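Heads up: the structure comes next, in structure tokens.
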Amino acid sequence: MLLTALFTVALSFASAGALTHSEHARATWVKTAAEPNPLKALDSWLKLYRRGKIDYRSVEPLGKKSIALKYKVRKANDLGNPTWSGDLKLILKVLAEQNDAASARAMAEVAAVGLDPKGKYSYAMAPYSVRSAALEAFTKISSKPAKDTLAAGARGEWKDRKNADELRAAALLALGRVRDPAYMDVITAGLQDDAVVTRLHAVQALAHIADEASQKALIDVLERERDDAVLVTAAKSLRAIYSEHVSKQESLRERAKSRGGSASAERDKPLPPPPTARRAVRAAIKALGRTTWRADMVLVRLLDDFRSVEAVPALITVLERFRDHPEEVENGTLSGLLQFRVHELLVSMTGAVFSADDPNNWRKLWEKEQDKLAVTTTKTPAKKPGSGTSAKGFVGIPVEGTRVVFILDLSGSMEWPMSDEGEDLRRLDYAKRELLKAIDALAPNAMFNLVTFNGDEEAEAWKKELVTANKRNKVRFAKFVEKLRPLGGTNLWSGMEKALGIKTLVYGNHYETTVDEIFLLSDGAPSAGDVIDPVEILRLTQEVNRFKEVRINTVFISSRTPPQVQAAQAQMSLSPKELMRRMARENGGKFRDV
């Protein structure tokens with residue numbers, strides 16, 4: 001409206017012959033709109049995005065469809081032809097360079113993408129990547145007016161939109177990326193908010209600042225938080241902050257071990273822990289059992305990072321809970337993963353070899369030896385008896401969970417032979433054999449299911465829900481497995497999507513699952529479905545599994561892959577083998593190549 005009015009006034013003067021040279025120049029500027037308008041460009045981009053008109057992952061160049069070009073954020077003769085993602089990043093870059101209050105407020109709208117619980121996002125929209133682009137741009141914000149605007153949003157003062165909580169969360173994340181200690185009070189105030197989304201992102205903001213004040217605030221969260229997602233995020237944030245110290249300490253231990261003599265003892269003596277570590281350990285002990293086993297898994301890892309004799313009775317209490325409440329294992333409130341991990345840590349710390357199913361002897365040990373018990377600082381687990389909840393394993397990987405989903409590749413290449421040795425064994429035959437062995441060995445208190453995928457749009461599950469590992473279900477499962485046949489392409493992501501129970505890509509809104517462990521067996525590269533790029537599959541899985549804490553193990557069949565297939569796979573962003581290896585490593589699991 002303003003531009004139209006100015007243009008009308010300019011034309012009136014022109015018709016009267018009253019324009020000076022400067023006024024003529026002004027009229028020309030208004031008519032051509034030569035000045036770039038990144039705020040309008042961002043608004044236009046977001047409108048298209050929210051209507052589902054933008055494929056953020058597309059690599060196709062936009063040409064004249066470029067929003068940045070339309071609003072003069074870039075020129076037609078600029079080098080390059082941006083995609084939708086490149087268009088957004090360029091607009092955000094220009095706004096960050098403007099570094100003012102209006103730019104910061106507009107960028108926060110992008111940082112809120114994917115945080116609204118009622119939002120509907122397709123894989124093409126890639127909300128995580130859109131949000132990440134905005135947060136990366138916020139690292140360039142430095143002016144006080146821009147920061148003050150973000151602080152107002154972080155305090156919840158942006159009340160002009162329906163998604164007030166999400167915008168507040170976005171402002172908190174932005175302040176974290178700005179990393180200005182002057183706004184610490186604003187961020188820590190978010191930790192007291194009733195909305196989980198606000199507390200969650202206040203925690204993430206603190207993780208980016210990472211100074212001692214942030215560490216203390218995160219420890220406060222461990223001491224009182226009752227939401228498992230917030231608790232998980234706080235514990236992971238502390239571990240990330242402490243990771244440099246832990247890595248240096250491990251390096252010193254390895255160096256001392258390799259030297260094998262006392263001459264280096266003084267040089268390789270343990271590093272003093274960070275000033276806040278002892279309080280963090282006590283807060284983690286206090287938080288055990290307060291929310292879910294998923295949060296407890298992260299807390300136990302923190303207790304492993306900084307081993308203390310104070311943790312021993314709390315860990316024994318966890319084993320006692322498994323003994324006293326078997327119904328919690330059956331309904332998914334407790335997971336064998338937690339029992340396995342706690343037992344492993346107790347054995348490694350104390351050197352004792354009592355079973356996980358024998359908390360009485362663990363308790364007696366503590367009551368008798370607590371005053372003189374020496375806790376080993378090495379993180380190498382000692383040998384120990386089985387826990388009673390673990391099966392013998394799948395292709396050599398132990399089954400530690402009690403609610404397990406197996407994912408099986410049924411693509412056409414699973415028809416290929418396993419080896420050149422003349423053995424008449426197909427890849428699928430091998431997979432069936434190992435699968436039936438694993439199911440047969442599952443403990444009676446375990447539950448399981450199978451997901452299969454090929455080139456179809458959607459993977460298929462054997463049963464709608466997990467079933468008990470009793471004899472009757474094992475017989476039924478064996479009959480079902482016998483009928484499986486390979487066919488078509490490899491829609492690996494559909495298998496992960498089905499197994500993890502993904503219903504939406506809204507952040508923090510998709511971790512409700514009772515599954516605790518996944519075993520994925522595949523022999524090929526992703527070739528069908530919504531998500532084919534291996535890097536994107538890894539990123540999506542990690543994002544979805546952020547709060548689930550599902551242990552993902554992978555088995556890759558690489559034997560006798562034809563040379564032409566290997567050559568095609570070499571053109572991918574990651575080889576199939578590396579995809580499977582990283583899938584396991586990034587999600588707490590183990591990898592096998594057969």
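Just remember, in the structure tokens the first chain shown is A, the second B, etc., residues are 1-based per chain, and ligands are 1-based in the order shown.
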Next item on the list: List every residue of range 203-424 of chain A that DSSP, applied to the backbone of this structure, assigns to helix (DSSP H, G or I), and report them as a ChimeraX atom specification.
Entry: /A:203-209,212-224,228-259,262-264,277-287,293-305,311-324,326-330,336-350,359-369,412-415
Give me, as JSON lines, the closest atom pair and its distance (Å, one decimal) for every residue of range 223-250 of chain A within a cut-off of 8 Å of range 273-296 of chain A, counting only C-alpha atoms, rows sorted by chain and rising number.
{"residue": "A:Glu223", "atom": "CA", "partner": "A:Ala283", "partner_atom": "CA", "distance": 5.1}
{"residue": "A:Arg224", "atom": "CA", "partner": "A:Ala287", "partner_atom": "CA", "distance": 7.8}
{"residue": "A:Arg226", "atom": "CA", "partner": "A:Thr291", "partner_atom": "CA", "distance": 6.0}
{"residue": "A:Asp227", "atom": "CA", "partner": "A:Thr291", "partner_atom": "CA", "distance": 6.7}
{"residue": "A:Asp228", "atom": "CA", "partner": "A:Thr291", "partner_atom": "CA", "distance": 5.5}
{"residue": "A:Ala229", "atom": "CA", "partner": "A:Ala295", "partner_atom": "CA", "distance": 7.5}
{"residue": "A:Leu231", "atom": "CA", "partner": "A:Ala295", "partner_atom": "CA", "distance": 6.4}
{"residue": "A:Val232", "atom": "CA", "partner": "A:Ala295", "partner_atom": "CA", "distance": 4.9}
{"residue": "A:Ala235", "atom": "CA", "partner": "A:Ala284", "partner_atom": "CA", "distance": 8.0}
{"residue": "A:Tyr242", "atom": "CA", "partner": "A:Pro274", "partner_atom": "CA", "distance": 7.6}
{"residue": "A:His245", "atom": "CA", "partner": "A:Pro273", "partner_atom": "CA", "distance": 7.5}
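Our summary of the geometry notes that CA of Ala108 in chain A is positioned 19.6 Å from CA of Ala182 in chain A.
Each of A:Ala210, A:Leu538, A:Ala352, A:Val59 was compared to Glu244 in chain A using only C-alpha atoms, and A:Ala210 turns out to be the nearest.
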Next item on the list: Would you mind writing down, as a VMD selection string, each residue of range 238-402 of chain A that DSSP on the backbone assigns to strand (DSSP E or B)?
Entry: chain A and resid 391 to 394 397 to 399
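Among the candidates A:Ala443, A:Thr149, A:Pro181, A:Tyr123, the one nearest to Gly529 in chain A when counting only C-alpha atoms is A:Tyr123.
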List the spatial neighbours of Leu540 in chain A as a short mmCIF file (atom, residue, chain, number, x, y, z; two decimals) with N, CA, C and O atoms, in the first residue's frame - criterion: any atom at most 9 Å away, only C-alpha atoms, same-chain residues fewer than 5 positions off excluded.
data_model
loop_
_atom_site.label_atom_id
_atom_site.label_comp_id
_atom_site.auth_asym_id
_atom_site.auth_seq_id
_atom_site.Cartn_x
_atom_site.Cartn_y
_atom_site.Cartn_z
N TYR A 128 12.98 -30.17 10.07
CA TYR A 128 14.21 -30.09 10.85
C TYR A 128 15.27 -29.27 10.11
O TYR A 128 15.95 -28.42 10.69
N VAL A 535 22.38 -40.39 3.77
CA VAL A 535 22.66 -39.38 4.79
C VAL A 535 21.36 -38.86 5.41
O VAL A 535 21.26 -38.67 6.62
N ASN A 545 14.79 -40.70 16.86
CA ASN A 545 15.21 -41.52 18.00
C ASN A 545 15.80 -40.69 19.13
O ASN A 545 16.32 -41.24 20.11
#
Extract, using only C-alpha atoms, all DNA, RNA and protein residues at most 10 Å from Ala213 in chain A, discarding same-chain residues fewer than 3 positions from it, and format them as a PDB file with all heavy atoms, in the first residue's frame.
ATOM      1  N   PRO A 181      26.055 -14.326  27.284  1.00  0.00           N
ATOM      2  CA  PRO A 181      25.743 -14.592  28.694  1.00  0.00           C
ATOM      3  C   PRO A 181      24.835 -13.548  29.330  1.00  0.00           C
ATOM      4  O   PRO A 181      24.198 -13.824  30.347  1.00  0.00           O
ATOM      5  CB  PRO A 181      27.127 -14.586  29.362  1.00  0.00           C
ATOM      6  CG  PRO A 181      28.094 -14.864  28.256  1.00  0.00           C
ATOM      7  CD  PRO A 181      27.504 -14.239  27.039  1.00  0.00           C
ATOM      8  N   MET A 184      21.335 -14.892  29.925  1.00  0.00           N
ATOM      9  CA  MET A 184      21.193 -16.170  30.624  1.00  0.00           C
ATOM     10  C   MET A 184      19.933 -16.206  31.489  1.00  0.00           C
ATOM     11  O   MET A 184      19.236 -17.233  31.559  1.00  0.00           O
ATOM     12  CB  MET A 184      22.422 -16.435  31.495  1.00  0.00           C
ATOM     13  CG  MET A 184      23.527 -17.178  30.772  1.00  0.00           C
ATOM     14  SD  MET A 184      23.092 -18.900  30.411  1.00  0.00           S
ATOM     15  CE  MET A 184      23.005 -19.548  32.082  1.00  0.00           C
ATOM     16  N   THR A 188      17.127 -19.185  31.483  1.00  0.00           N
ATOM     17  CA  THR A 188      16.844 -20.010  32.664  1.00  0.00           C
ATOM     18  C   THR A 188      15.412 -19.820  33.155  1.00  0.00           C
ATOM     19  O   THR A 188      14.826 -20.743  33.735  1.00  0.00           O
ATOM     20  CB  THR A 188      17.836 -19.710  33.794  1.00  0.00           C
ATOM     21  OG1 THR A 188      17.829 -18.300  34.081  1.00  0.00           O
ATOM     22  CG2 THR A 188      19.246 -20.137  33.406  1.00  0.00           C
ATOM     23  N   LEU A 206      20.751 -23.690  26.549  1.00  0.00           N
ATOM     24  CA  LEU A 206      21.847 -23.755  27.522  1.00  0.00           C
ATOM     25  C   LEU A 206      22.980 -24.644  27.011  1.00  0.00           C
ATOM     26  O   LEU A 206      24.159 -24.367  27.246  1.00  0.00           O
ATOM     27  CB  LEU A 206      21.331 -24.275  28.853  1.00  0.00           C
ATOM     28  CG  LEU A 206      20.396 -23.351  29.629  1.00  0.00           C
ATOM     29  CD1 LEU A 206      19.785 -24.080  30.816  1.00  0.00           C
ATOM     30  CD2 LEU A 206      21.133 -22.110  30.105  1.00  0.00           C
ATOM     31  N   ILE A 209      25.326 -22.673  24.920  1.00  0.00           N
ATOM     32  CA  ILE A 209      26.168 -21.712  25.647  1.00  0.00           C
ATOM     33  C   ILE A 209      27.286 -22.455  26.375  1.00  0.00           C
ATOM     34  O   ILE A 209      28.453 -22.071  26.324  1.00  0.00           O
ATOM     35  CB  ILE A 209      25.311 -20.889  26.627  1.00  0.00           C
ATOM     36  CG1 ILE A 209      24.280 -20.076  25.836  1.00  0.00           C
ATOM     37  CG2 ILE A 209      26.182 -19.966  27.479  1.00  0.00           C
ATOM     38  CD1 ILE A 209      23.288 -19.320  26.681  1.00  0.00           C
ATOM     39  N   ALA A 210      26.908 -23.513  27.102  1.00  0.00           N
ATOM     40  CA  ALA A 210      27.857 -24.517  27.618  1.00  0.00           C
ATOM     41  C   ALA A 210      28.875 -24.008  28.643  1.00  0.00           C
ATOM     42  O   ALA A 210      29.838 -24.706  28.936  1.00  0.00           O
ATOM     43  CB  ALA A 210      28.602 -25.193  26.465  1.00  0.00           C
ATOM     44  N   LYS A 216      25.358 -25.525  35.607  1.00  0.00           N
ATOM     45  CA  LYS A 216      24.622 -25.513  36.875  1.00  0.00           C
ATOM     46  C   LYS A 216      23.113 -25.482  36.645  1.00  0.00           C
ATOM     47  O   LYS A 216      22.344 -26.131  37.360  1.00  0.00           O
ATOM     48  CB  LYS A 216      25.063 -24.313  37.714  1.00  0.00           C
ATOM     49  CG  LYS A 216      26.490 -24.432  38.243  1.00  0.00           C
ATOM     50  CD  LYS A 216      26.896 -23.177  39.026  1.00  0.00           C
ATOM     51  CE  LYS A 216      28.316 -23.319  39.577  1.00  0.00           C
ATOM     52  NZ  LYS A 216      28.750 -22.099  40.306  1.00  0.00           N
ATOM     53  N   ALA A 217      22.694 -24.725  35.640  1.00  0.00           N
ATOM     54  CA  ALA A 217      21.266 -24.655  35.328  1.00  0.00           C
ATOM     55  C   ALA A 217      20.756 -26.010  34.836  1.00  0.00           C
ATOM     56  O   ALA A 217      19.641 -26.434  35.185  1.00  0.00           O
ATOM     57  CB  ALA A 217      21.011 -23.577  34.282  1.00  0.00           C
ATOM     58  N   LEU A 218      21.555 -26.717  34.031  1.00  0.00           N
ATOM     59  CA  LEU A 218      21.171 -28.035  33.545  1.00  0.00           C
ATOM     60  C   LEU A 218      21.109 -29.045  34.693  1.00  0.00           C
ATOM     61  O   LEU A 218      20.246 -29.933  34.710  1.00  0.00           O
ATOM     62  CB  LEU A 218      22.149 -28.508  32.475  1.00  0.00           C
ATOM     63  CG  LEU A 218      22.083 -27.756  31.137  1.00  0.00           C
ATOM     64  CD1 LEU A 218      23.262 -28.140  30.248  1.00  0.00           C
ATOM     65  CD2 LEU A 218      20.765 -28.035  30.427  1.00  0.00           C
ATOM     66  N   ILE A 219      22.013 -28.916  35.635  1.00  0.00           N
ATOM     67  CA  ILE A 219      21.984 -29.799  36.806  1.00  0.00           C
ATOM     68  C   ILE A 219      20.722 -29.540  37.626  1.00  0.00           C
ATOM     69  O   ILE A 219      20.099 -30.479  38.156  1.00  0.00           O
ATOM     70  CB  ILE A 219      23.255 -29.602  37.650  1.00  0.00           C
ATOM     71  CG1 ILE A 219      24.477 -30.095  36.875  1.00  0.00           C
ATOM     72  CG2 ILE A 219      23.146 -30.345  38.979  1.00  0.00           C
ATOM     73  CD1 ILE A 219      25.805 -29.711  37.491  1.00  0.00           C
ATOM     74  N   THR A 276      31.672 -28.848  38.167  1.00  0.00           N
ATOM     75  CA  THR A 276      30.256 -29.165  38.373  1.00  0.00           C
ATOM     76  C   THR A 276      29.953 -30.664  38.295  1.00  0.00           C
ATOM     77  O   THR A 276      28.810 -31.079  38.522  1.00  0.00           O
ATOM     78  CB  THR A 276      29.398 -28.460  37.312  1.00  0.00           C
ATOM     79  OG1 THR A 276      29.833 -28.868  36.010  1.00  0.00           O
ATOM     80  CG2 THR A 276      29.503 -26.945  37.441  1.00  0.00           C
TER      81      THR A 276
END
Next item on the list: Give the answer as one residue: which of A:Leu167, A:Ala356, A:Val375, A:Leu303 has the shortest atom-to-atom distance to Thr317 in chain A, using only C-alpha atoms?
Entry: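 For Thr317 in chain A, the nearest of the given residues is A:Ala356.
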Notebook entry, point to check: Which neighbours of range 574-587 of chain A fall inside 8 Å, counting only C-alpha atoms, when residues of the same chain fewer than 6 positions from it are skipped, and could you give them as a list in words?
Noted result: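 Using only C-alpha atoms, the neighbours found are Asp523, Gly524, Ala525, Pro526, Pro534, Val535, Leu538, Gln542, Asn545, Glu549, Val550, Arg551, Ile552, Asn553, Thr554, Val555, Phe556, Ser558 and Asp593 of chain A.
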Would you output that residue set with N, CA and C atoms, as an mmCIF file, in the first residue's frame?
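In the end it all went to selection_24.cif:
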data_model
loop_
_atom_site.group_PDB
_atom_site.id
_atom_site.type_symbol
_atom_site.label_atom_id
_atom_site.label_comp_id
_atom_site.auth_asym_id
_atom_site.auth_seq_id
_atom_site.Cartn_x
_atom_site.Cartn_y
_atom_site.Cartn_z
ATOM 1 N N ASP A 523 20.704 -55.931 2.546
ATOM 2 C CA ASP A 523 21.850 -56.247 1.693
ATOM 3 C C ASP A 523 22.100 -55.203 0.622
ATOM 4 N N GLY A 524 21.301 -54.143 0.591
ATOM 5 C CA GLY A 524 21.450 -53.227 -0.523
ATOM 6 C C GLY A 524 21.261 -51.771 -0.190
ATOM 7 N N ALA A 525 21.389 -50.963 -1.224
ATOM 8 C CA ALA A 525 21.253 -49.518 -1.088
ATOM 9 C C ALA A 525 19.791 -49.118 -1.202
ATOM 10 N N PRO A 526 19.351 -48.099 -0.469
ATOM 11 C CA PRO A 526 17.980 -47.594 -0.614
ATOM 12 C C PRO A 526 17.725 -47.178 -2.060
ATOM 13 N N PRO A 534 21.081 -41.919 1.731
ATOM 14 C CA PRO A 534 21.522 -42.535 2.989
ATOM 15 C C PRO A 534 21.786 -41.534 4.111
ATOM 16 N N VAL A 535 22.377 -40.391 3.773
ATOM 17 C CA VAL A 535 22.661 -39.380 4.793
ATOM 18 C C VAL A 535 21.364 -38.864 5.408
ATOM 19 N N LEU A 538 19.880 -41.419 7.804
ATOM 20 C CA LEU A 538 20.572 -41.380 9.095
ATOM 21 C C LEU A 538 20.113 -40.190 9.935
ATOM 22 N N GLN A 542 18.079 -40.440 13.498
ATOM 23 C CA GLN A 542 18.653 -39.866 14.713
ATOM 24 C C GLN A 542 17.711 -38.843 15.332
ATOM 25 N N ASN A 545 14.785 -40.697 16.862
ATOM 26 C CA ASN A 545 15.211 -41.521 18.002
ATOM 27 C C ASN A 545 15.803 -40.690 19.131
ATOM 28 N N GLU A 549 15.378 -43.430 22.535
ATOM 29 C CA GLU A 549 16.477 -44.232 23.085
ATOM 30 C C GLU A 549 16.366 -45.694 22.662
ATOM 31 N N VAL A 550 15.820 -45.947 21.466
ATOM 32 C CA VAL A 550 15.761 -47.305 20.946
ATOM 33 C C VAL A 550 17.151 -47.714 20.469
ATOM 34 N N ARG A 551 17.601 -48.869 20.888
ATOM 35 C CA ARG A 551 18.898 -49.383 20.442
ATOM 36 C C ARG A 551 18.715 -50.012 19.067
ATOM 37 N N ILE A 552 19.454 -49.504 18.070
ATOM 38 C CA ILE A 552 19.311 -49.993 16.703
ATOM 39 C C ILE A 552 20.576 -50.734 16.287
ATOM 40 N N ASN A 553 20.449 -52.045 16.076
ATOM 41 C CA ASN A 553 21.548 -52.884 15.616
ATOM 42 C C ASN A 553 21.363 -53.155 14.127
ATOM 43 N N THR A 554 22.456 -53.330 13.405
ATOM 44 C CA THR A 554 22.353 -53.545 11.961
ATOM 45 C C THR A 554 23.217 -54.719 11.506
ATOM 46 N N VAL A 555 22.684 -55.459 10.542
ATOM 47 C CA VAL A 555 23.405 -56.563 9.901
ATOM 48 C C VAL A 555 23.401 -56.301 8.401
ATOM 49 N N PHE A 556 24.582 -56.214 7.822
ATOM 50 C CA PHE A 556 24.711 -55.945 6.391
ATOM 51 C C PHE A 556 25.252 -57.178 5.686
ATOM 52 N N SER A 558 26.979 -58.409 2.599
ATOM 53 C CA SER A 558 27.767 -57.846 1.499
ATOM 54 C C SER A 558 28.351 -58.912 0.591
ATOM 55 N N ASP A 593 28.890 -57.315 9.561
ATOM 56 C CA ASP A 593 29.002 -57.442 8.104
ATOM 57 C C ASP A 593 29.203 -58.917 7.791
#
Note to self: Residues near range 398-403 of chain A, anyone? I mean within 8 Å using only C-alpha atoms, not counting same-chain ones fewer than 2 positions away, as a PyMOL selection string.
What the structure shows: chain A and resi 329+332+335-337+340+389-394+396+405+442+445-448+466+514-517
Margin query: When you count only C-alpha atoms, which of these residues is closest to Val178 in chain A: A:Ile141, A:Ile557, A:Val196, A:Ala112?
Written below: A:Ile141
Next item on the list: Rank A:Ile54, A:Leu373, A:Leu191, A:Leu500 by their smallest atom-to-atom distance to Ser122 in chain A, using only C-alpha atoms, and report the top residue only.
Entry: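 Closest to Ser122 in chain A, using only C-alpha atoms: A:Ile54.
Going from CA of Thr377 in chain A over to CA of Arg307 in chain A, you cover 6.2 Å.
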Notebook entry, point to check: Hey, can you check how far CA of Arg199 in chain A sits from CA of Arg155 in chain A?
Noted result: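 Rounded to one decimal, the two atoms are 11.9 Å apart.
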Applying 6 Å and only C-alpha atoms, which residues near Ala146 in chain A remain after dropping the ones on its own chain fewer than 6 positions away? List them as a PDB file with N, CA and C atoms, in the first residue's frame.
ATOM      1  N   ASP A 100      18.986  -6.509  12.582  1.00  0.00           N
ATOM      2  CA  ASP A 100      18.122  -5.592  13.323  1.00  0.00           C
ATOM      3  C   ASP A 100      16.950  -6.348  13.942  1.00  0.00           C
ATOM      4  N   ALA A 101      16.104  -5.630  14.671  1.00  0.00           N
ATOM      5  CA  ALA A 101      15.010  -6.253  15.410  1.00  0.00           C
ATOM      6  C   ALA A 101      14.007  -6.924  14.476  1.00  0.00           C
ATOM      7  N   ALA A 104      15.415 -10.226  13.112  1.00  0.00           N
ATOM      8  CA  ALA A 104      15.452 -11.275  14.127  1.00  0.00           C
ATOM      9  C   ALA A 104      14.060 -11.862  14.371  1.00  0.00           C
TER      10      ALA A 104
END
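Proximity of A:Ala478, A:Val544, A:Ala126, A:Val298 to Asp440 in chain A, computed with only C-alpha atoms, is greatest for A:Ala478.
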